[in-house]
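To be precise, the following lines are final.txt, and they hold compact mmCIF, C-alpha atoms.
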# COMPACT_ATOMS: atom_id res chain seq x y z
CA MET Q 19 -15.41 18.51 3.16
CA THR Q 20 -11.87 19.78 3.66
CA ILE Q 21 -9.75 19.01 6.69
CA THR Q 22 -6.36 20.51 7.41
CA THR Q 23 -4.28 18.92 10.16
CA PRO Q 24 -0.92 20.20 11.47
CA LEU Q 25 1.66 17.45 11.72
CA ARG Q 26 3.50 16.84 14.96
CA PHE Q 27 6.64 14.91 15.84
CA PHE Q 28 6.28 11.20 15.18
CA ARG Q 29 8.87 8.42 15.23
CA VAL Q 30 8.58 4.64 15.21
CA PHE Q 31 10.95 1.71 14.88
CA CYS Q 32 10.65 -1.80 13.47
CA LEU Q 33 12.36 -4.67 11.69
CA CYS Q 34 12.44 -4.63 7.89
CA VAL Q 35 13.42 -7.53 5.61
CA ALA Q 36 14.48 -7.31 1.96
CA ILE Q 37 13.25 -9.46 -0.91
CA SER Q 38 15.84 -12.10 -0.23
CA GLY Q 39 16.30 -15.60 1.10
CA ALA Q 40 15.00 -14.42 4.48
CA PHE Q 41 11.86 -13.02 2.87
CA LYS Q 42 11.21 -16.23 0.91
CA ALA Q 43 11.87 -18.37 3.97
CA ALA Q 44 9.32 -16.43 6.01
CA VAL Q 45 6.71 -17.07 3.33
CA ALA Q 46 7.55 -20.77 3.16
CA GLU Q 47 7.30 -21.18 6.93
CA GLY Q 48 3.95 -19.40 7.16
CA GLU Q 49 5.24 -16.39 9.07
CA THR Q 50 4.10 -12.86 8.32
CA PRO Q 51 6.81 -11.55 5.98
CA THR Q 52 7.67 -7.89 6.27
CA GLN Q 53 7.64 -5.17 3.65
CA PRO Q 54 10.15 -5.89 0.88
CA ARG Q 55 12.99 -3.38 0.95
CA LEU Q 56 12.53 -1.09 -2.02
CA TRP Q 57 15.85 0.71 -1.78
CA ASP Q 58 19.37 -0.60 -2.17
CA GLU Q 59 21.26 0.35 0.98
CA THR Q 60 24.35 1.06 -1.11
CA GLU Q 61 22.48 3.42 -3.42
CA ARG Q 62 23.61 6.99 -2.94
CA VAL Q 63 20.77 9.41 -2.20
CA ASP Q 64 21.91 12.75 -0.82
CA ARG Q 65 20.01 14.13 2.15
CA VAL Q 66 18.17 17.29 1.13
CA ASP Q 67 18.28 20.44 3.23
CA ALA Q 68 14.62 21.46 3.57
CA SER Q 69 15.17 24.12 6.23
CA SER Q 70 14.15 26.89 3.83
CA VAL Q 71 10.74 25.33 3.10
CA GLN Q 72 8.09 27.65 4.51
CA ARG Q 73 5.18 25.23 4.18
CA LEU Q 74 4.61 21.77 2.69
CA ARG Q 75 0.98 20.93 1.91
CA PHE Q 76 0.01 17.34 1.23
CA LEU Q 77 -3.31 16.45 -0.40
CA THR Q 78 -5.15 13.20 0.26
CA VAL Q 79 -8.69 11.81 0.42
CA LEU Q 80 -11.16 10.99 3.20
CA ASP Q 81 -12.57 7.68 2.03
CA ASP Q 82 -9.71 5.26 1.45
CA PRO Q 83 -9.29 3.24 4.67
CA PRO Q 84 -6.86 2.22 6.00
CA PHE Q 85 -4.75 4.66 3.96
CA ALA Q 86 -6.84 7.76 4.77
CA PHE Q 87 -10.08 8.11 6.73
CA LEU Q 88 -11.78 10.00 9.54
CA ASP Q 89 -11.26 8.41 12.95
CA LYS Q 90 -13.88 8.24 15.71
CA PHE Q 91 -12.93 11.76 16.78
CA GLY Q 92 -13.47 13.17 13.29
CA LYS Q 93 -9.76 13.61 12.66
CA LEU Q 94 -7.91 12.61 9.53
CA ALA Q 95 -6.01 9.36 10.12
CA GLY Q 96 -4.53 6.44 8.22
CA MET Q 97 -1.32 4.93 6.96
CA ASN Q 98 -0.66 7.71 4.45
CA VAL Q 99 -1.24 10.33 7.13
CA ASP Q 100 1.30 8.67 9.42
CA LEU Q 101 3.74 8.38 6.54
CA VAL Q 102 3.44 12.12 5.88
CA ARG Q 103 4.25 12.75 9.53
CA ALA Q 104 7.35 10.59 9.24
CA VAL Q 105 8.43 12.29 6.00
CA CYS Q 106 8.06 15.75 7.48
CA ASP Q 107 9.93 14.70 10.62
CA GLU Q 108 12.73 13.26 8.48
CA LEU Q 109 12.96 16.55 6.56
CA GLY Q 110 12.98 18.50 9.83
CA ILE Q 111 9.89 20.53 8.94
CA ASP Q 112 7.15 18.72 10.88
CA GLU Q 113 5.75 21.99 12.29
CA ARG Q 114 5.48 23.43 8.78
CA CYS Q 115 3.63 20.49 7.20
CA GLN Q 116 -0.09 20.24 6.59
CA ILE Q 117 -2.34 17.56 5.14
CA GLN Q 118 -5.66 18.37 3.54
CA ALA Q 119 -8.41 16.05 2.32
CA LEU Q 120 -10.27 16.62 -0.93
CA PRO Q 121 -12.47 14.52 -3.22
CA TYR Q 122 -10.23 12.30 -5.34
CA ASP Q 123 -11.24 13.90 -8.63
CA GLU Q 124 -10.17 17.33 -7.34
CA LEU Q 125 -6.65 16.37 -6.28
CA THR Q 126 -4.72 16.90 -9.52
CA THR Q 127 -6.53 20.16 -10.27
CA ALA Q 128 -5.65 21.45 -6.81
CA LEU Q 129 -2.00 20.48 -7.37
CA ASP Q 130 -1.93 22.20 -10.77
CA ASP Q 131 -3.55 25.34 -9.35
CA GLY Q 132 -1.12 25.59 -6.44
CA GLY Q 133 -3.65 24.45 -3.85
CA GLY Q 134 -1.19 21.87 -2.56
CA ASP Q 135 2.40 20.76 -3.02
CA ALA Q 136 2.14 16.96 -3.07
CA ILE Q 137 -0.53 14.26 -3.42
CA ILE Q 138 -0.50 11.06 -1.39
CA ALA Q 139 -3.60 9.18 -2.48
CA GLY Q 140 -2.66 6.35 -4.80
CA VAL Q 141 -2.63 8.35 -8.04
CA PRO Q 142 -1.66 5.84 -10.76
CA ALA Q 143 1.60 6.40 -12.63
CA THR Q 144 0.07 6.32 -16.11
CA ALA Q 145 1.85 7.77 -19.12
CA GLU Q 146 -0.62 10.66 -19.14
CA ASN Q 147 -0.06 11.44 -15.46
CA ARG Q 148 3.70 11.23 -15.83
CA GLY Q 149 3.45 13.90 -18.51
CA SER Q 150 2.25 16.49 -16.00
CA MET Q 151 3.48 15.18 -12.64
CA ILE Q 152 6.57 13.72 -11.02
CA PHE Q 153 6.20 10.47 -9.09
CA THR Q 154 8.48 9.52 -6.25
CA ARG Q 155 9.83 6.03 -5.92
CA PRO Q 156 7.15 3.66 -4.55
CA TYR Q 157 6.80 3.25 -0.81
CA LEU Q 158 4.48 0.23 -1.07
CA LEU Q 159 4.12 -2.47 -3.72
CA PRO Q 160 0.77 -3.99 -4.71
CA ALA Q 161 0.60 -7.75 -4.32
CA GLY Q 162 -1.85 -10.52 -5.06
CA ARG Q 163 -2.40 -13.26 -2.47
CA PHE Q 164 -4.50 -16.34 -1.97
CA ILE Q 165 -6.70 -16.63 1.09
CA THR Q 166 -8.01 -19.99 2.25
CA ARG Q 167 -9.88 -21.44 5.21
CA LYS Q 168 -7.65 -22.10 8.21
CA THR Q 169 -8.13 -25.84 7.89
CA ASN Q 170 -6.35 -25.82 4.52
CA GLY Q 171 -3.00 -24.76 5.97
CA LEU Q 172 -0.21 -23.05 4.04
CA ILE Q 173 -0.10 -23.68 0.29
CA GLU Q 174 3.54 -23.75 -0.79
CA ASP Q 175 2.85 -24.16 -4.51
CA PRO Q 176 -0.60 -22.86 -5.53
CA THR Q 177 0.01 -23.81 -9.17
CA SER Q 178 -0.05 -27.52 -8.29
CA SER Q 179 -2.05 -27.40 -5.06
CA PHE Q 180 -5.02 -25.65 -6.69
CA GLU Q 181 -4.99 -27.75 -9.85
CA GLY Q 182 -8.64 -28.48 -10.60
CA LYS Q 183 -9.69 -26.57 -7.44
CA ARG Q 184 -12.15 -23.69 -7.43
CA VAL Q 185 -10.48 -20.34 -6.82
CA GLY Q 186 -12.67 -17.27 -6.59
CA VAL Q 187 -11.66 -14.04 -8.27
CA LEU Q 188 -13.42 -10.81 -9.19
CA ALA Q 189 -14.58 -10.60 -12.80
CA GLY Q 190 -12.35 -8.55 -15.08
CA SER Q 191 -9.73 -7.92 -12.40
CA SER Q 192 -5.98 -8.01 -12.88
CA HIS Q 193 -6.01 -10.98 -10.49
CA GLU Q 194 -8.26 -12.93 -12.85
CA LYS Q 195 -5.82 -12.12 -15.67
CA LEU Q 196 -2.89 -13.46 -13.65
CA LEU Q 197 -4.67 -16.72 -12.79
CA ARG Q 198 -5.70 -17.37 -16.39
CA ARG Q 199 -2.23 -16.46 -17.67
CA ASP Q 200 -0.05 -18.28 -15.15
CA MET Q 201 -2.25 -21.00 -13.63
CA PRO Q 202 -4.35 -22.51 -16.42
CA ALA Q 203 -5.00 -25.68 -14.41
CA VAL Q 204 -6.91 -23.76 -11.74
CA ASP Q 205 -10.71 -23.77 -11.93
CA VAL Q 206 -11.20 -19.99 -12.01
CA THR Q 207 -14.56 -19.12 -10.44
CA VAL Q 208 -15.56 -15.58 -11.38
CA TYR Q 209 -17.67 -13.35 -9.15
CA THR Q 210 -19.23 -9.97 -9.80
CA ARG Q 211 -19.59 -9.16 -6.09
CA GLU Q 212 -16.83 -9.55 -3.55
CA ASN Q 213 -19.17 -10.25 -0.62
CA TRP Q 214 -20.65 -13.25 -2.45
CA MET Q 215 -17.16 -14.59 -3.14
CA LEU Q 216 -16.00 -14.22 0.46
CA SER Q 217 -19.21 -15.77 1.78
CA ASP Q 218 -18.67 -18.79 -0.48
CA LEU Q 219 -15.11 -19.13 0.79
CA LYS Q 220 -16.28 -19.12 4.41
CA ALA Q 221 -18.94 -21.71 3.57
CA GLY Q 222 -16.45 -23.99 1.81
CA LYS Q 223 -18.11 -23.64 -1.59
CA ILE Q 224 -14.79 -22.60 -3.13
CA ASP Q 225 -11.27 -23.60 -2.13
CA ALA Q 226 -9.58 -20.22 -2.15
CA VAL Q 227 -9.84 -16.59 -3.19
CA PHE Q 228 -7.16 -14.68 -5.06
CA GLY Q 229 -7.05 -10.90 -4.89
CA ASP Q 230 -5.52 -7.72 -3.56
CA ALA Q 231 -3.38 -8.33 -0.48
CA THR Q 232 -4.13 -4.95 1.10
CA ARG Q 233 -7.89 -5.51 0.95
CA TYR Q 234 -7.71 -9.05 2.25
CA SER Q 235 -5.26 -8.23 5.02
CA VAL Q 236 -7.87 -5.82 6.40
CA TRP Q 237 -10.70 -8.33 5.88
CA LEU Q 238 -8.85 -11.20 7.58
CA ALA Q 239 -8.13 -9.06 10.65
CA GLY Q 240 -11.70 -7.74 10.88
CA PRO Q 241 -15.08 -9.05 12.01
CA GLY Q 242 -16.18 -9.93 8.47
CA ALA Q 243 -13.85 -12.91 8.31
CA ASP Q 244 -14.94 -14.13 11.76
CA GLY Q 245 -11.61 -15.91 12.13
CA CYS Q 246 -12.37 -18.27 9.26
CA CYS Q 247 -9.45 -17.77 7.00
CA VAL Q 248 -5.76 -16.98 6.52
CA PHE Q 249 -3.36 -15.98 3.80
CA GLY Q 250 -2.75 -19.27 1.99
CA SER Q 251 0.53 -18.46 0.26
CA GLY Q 252 3.15 -15.81 -0.24
CA PRO Q 253 2.70 -12.71 -2.40
CA TYR Q 254 2.60 -12.39 -6.17
CA LEU Q 255 4.26 -9.19 -7.37
CA ALA Q 256 3.23 -8.43 -10.97
CA PRO Q 257 3.68 -4.71 -11.74
CA GLU Q 258 2.62 -5.23 -15.35
CA LEU Q 259 -0.83 -6.21 -13.99
CA PHE Q 260 -1.09 -4.70 -10.51
CA GLY Q 261 0.72 -1.41 -11.12
CA ASN Q 262 3.99 0.06 -9.90
CA GLY Q 263 2.93 0.82 -6.35
CA TRP Q 264 1.90 3.66 -4.10
CA MET Q 265 3.87 6.85 -4.72
CA ILE Q 266 3.77 10.50 -3.75
CA VAL Q 267 3.05 12.92 -6.60
CA VAL Q 268 4.30 16.47 -7.09
CA SER Q 269 3.96 19.01 -9.87
CA ARG Q 270 6.25 18.70 -12.87
CA ARG Q 271 7.79 22.03 -11.83
CA ASP Q 272 8.87 20.70 -8.39
CA GLN Q 273 11.78 18.37 -9.11
CA ALA Q 274 13.59 19.61 -5.99
CA LEU Q 275 10.62 18.61 -3.84
CA ALA Q 276 10.48 15.19 -5.48
CA ASP Q 277 14.17 14.71 -4.70
CA ALA Q 278 13.60 15.70 -1.06
CA LEU Q 279 10.66 13.30 -0.72
CA ASN Q 280 12.65 10.45 -2.26
CA ALA Q 281 15.50 11.06 0.16
CA ALA Q 282 13.07 11.03 3.09
CA LEU Q 283 11.28 7.88 1.89
CA ARG Q 284 14.59 6.09 1.50
CA SER Q 285 15.63 6.91 5.05
CA ILE Q 286 12.26 5.93 6.48
CA SER Q 287 12.32 2.63 4.60
CA ASN Q 288 15.91 1.66 5.29
CA ASP Q 289 16.05 2.60 8.96
CA GLU Q 290 12.91 0.53 9.55
CA ARG Q 291 10.35 3.22 10.40
CA PHE Q 292 8.04 2.36 7.52
CA GLU Q 293 7.48 -1.20 8.68
CA GLN Q 294 5.90 -0.11 11.94
CA ILE Q 295 3.59 2.28 10.12
CA LEU Q 296 2.56 -0.52 7.77
CA LEU Q 297 1.85 -3.02 10.54
CA ARG Q 298 -0.19 -0.49 12.50
CA TYR Q 299 -2.80 -0.56 9.73
CA PHE Q 300 -2.14 -4.05 8.34
CA PRO Q 301 -1.44 -6.11 11.48
CA LEU Q 302 -1.37 -9.34 9.48
CA GLY Q 303 1.06 -7.83 7.01
CA ILE Q 304 0.65 -7.72 3.24
CA TYR Q 305 3.53 -9.87 2.08

Structure encoded using structure tokens:
Amino acid sequence: MTITTPLRFFRVFCLCVAISGAFKAAVAEGETPTQPRLWDETERVDRVDASSVQRLRFLTVLDDPPFAFLDKFGKLAGMNVDLVRAVCDELGIDERCQIQALPYDELTTALDDGGGDAIIAGVPATAENRGSMIFTRPYLLPAGRFITRKTNGLIEDPTSSFEGKRVGVLAGSSHEKLLRRDMPAVDVTVYTRENWMLSDLKAGKIDAVFGDATRYSVWLAGPGADGCCVFGSGPYLAPELFGNGWMIVVSRRDQALADALNAALRSISNDERFEQILLRYFPLGIY
């Protein structure tokens, strides 16, 4: 199923905090820390004149909520869709932008064949992919976080607080690797099914769960958690395990487009628009 949606004017505002003392303090005090700032405000990135662009076609997927999905009206929605709107508005070409949904395994072929100009669907920046595509700077970083029952309160130092405690993790995941590498005193309890692990957490059979912050932010805010649990600590950023983040992808032949997208992403991040988009889909935050 393919959906093409014209993009209209869209602008939002918010408060963004860098990875700094303020960011660390928010974590320590149990507040919802905001998206780490991924751009240095002093870094020079020239604004790109995109007025000559006749059409900019983004490719995404249908089945990756909350990043991309069909809403109750059958329209393409999600965080990535809203980000595309903001990018096109920043470039001044919102009326000439389109976003189309395809099966994930068809995205790179469509880009290579000229069926689209950019992919926004979490394509990993592997060495093989970098050989044929250009990746923008990341607009979102993957993070690991602990979730615990509300009665446990905030865990300032999981390394010592979970010593000898049972922490659930999915078998073979990068989160299991981090726990075994960095927290050997934790009693790592491995699960093959996430629903079993989360049910055990709710029932108090394990002390915490460690996993992907984006997934658990959605779960904590939804009916599945039934108000049982909270993020138990701040984020763990480990790109060597979790990857380098969510990026937009363009063809290797489109360096000028990559430059334009980077300039737009920088402006959206640094003037605080991205934070509001993020919190619309992750109301509890990620970090």

Practice item. Name the residues, using the chain letters and numbers of the file, that sit within 7 Å of (-4.7, 11.5, -6.7) when counting only C-alpha atoms, and give them as a ChimeraX atom specification. Key: /Q:122,125-126,137-141

Closest of Q:Gln116, Q:Thr127, Q:Ser251, Q:Gln72 to Q:Arg103, counting all atoms listed in the file, is Q:Gln116

Correct to one decimal, the distance atom CA of Q:Ile224-atom CA of Q:Pro176 is 14.4 Å

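Interatomic distance, atom CA of Q:Leu219 against atom CA of Q:Thr177: 18.7 Å.
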
Please identify all polymer residues within 9 Å of Q:Glu108, counting all atoms listed in the file, omitting same-chain residues fewer than 5 positions from it, and present them as number ranges by chain. Q: 103, 282-283, 285-286

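Using all atoms listed in the file, the smallest distance between any of Q:Leu255, Q:Ala243, Q:Val204, Q:Val185 and Q:Lys223 comes from Q:Val185.
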
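With all atoms listed in the file as the atoms that count, the residue of Q:Pro84, Q:Pro257, Q:Gly186, Q:Gly240 with the shortest distance to Q:Val227 is Q:Gly186.
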
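The protein and nucleic acid residues lying at most 9 Å from Q:Leu302 are Q:Thr50, Q:Ser235, Q:Val236, Q:Leu238, Q:Ala239, Q:Phe249, Q:Leu297, with all atoms listed in the file considered and sequence neighbours fewer than 4 positions away removed.
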
- Task: Taking (-19.9, -6.4, -9.0) in the file's own coordinates, collect the residues within 9 Å, counting only C-alpha atoms, and hand them back as a PyMOL selection string.
- Result: chain Q and resi 188-189+209-212

Fill in: Shell around Q:Thr154 at 12 Å using only C-alpha atoms, local window under 6 positions removed, as a ChimeraX atom specification
/Q:136-138,140-143,148,262-270,272-284

Shell around Q:Ala128 at 12 Å using all atoms listed in the file, local window under 5 positions removed, as an MDAnalysis selection string:
chainID Q and resid 75:78 118:123 133:137 268:269

Correct to one decimal, the distance atom CA of Q:Met97-atom CA of Q:Tyr299 is 6.3 Å

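Candidate residues Q:Val206, Q:Ile304, Q:Leu159, Q:Leu196 were compared for distance to Q:Gly182, and the nearest is Q:Val206, using all atoms listed in the file.
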
Residue neighbourhood Q:Asp100, 7 Å, all atoms listed in the file, exclusion window fewer than 4 positions, as a VMD selection string: chain Q and resid 96 104 295

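Each of Q:Val208, Q:Ile165, Q:Val79, Q:Met151 was checked against Q:Pro253 using all atoms listed in the file; the smallest atom-to-atom distance is that of Q:Ile165.
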
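Between Q:Val248 and the residues Q:Ala161, Q:Leu56, Q:Leu296, Q:Ala226, the shortest atom-to-atom distance, using all atoms listed in the file, involves Q:Ala226.
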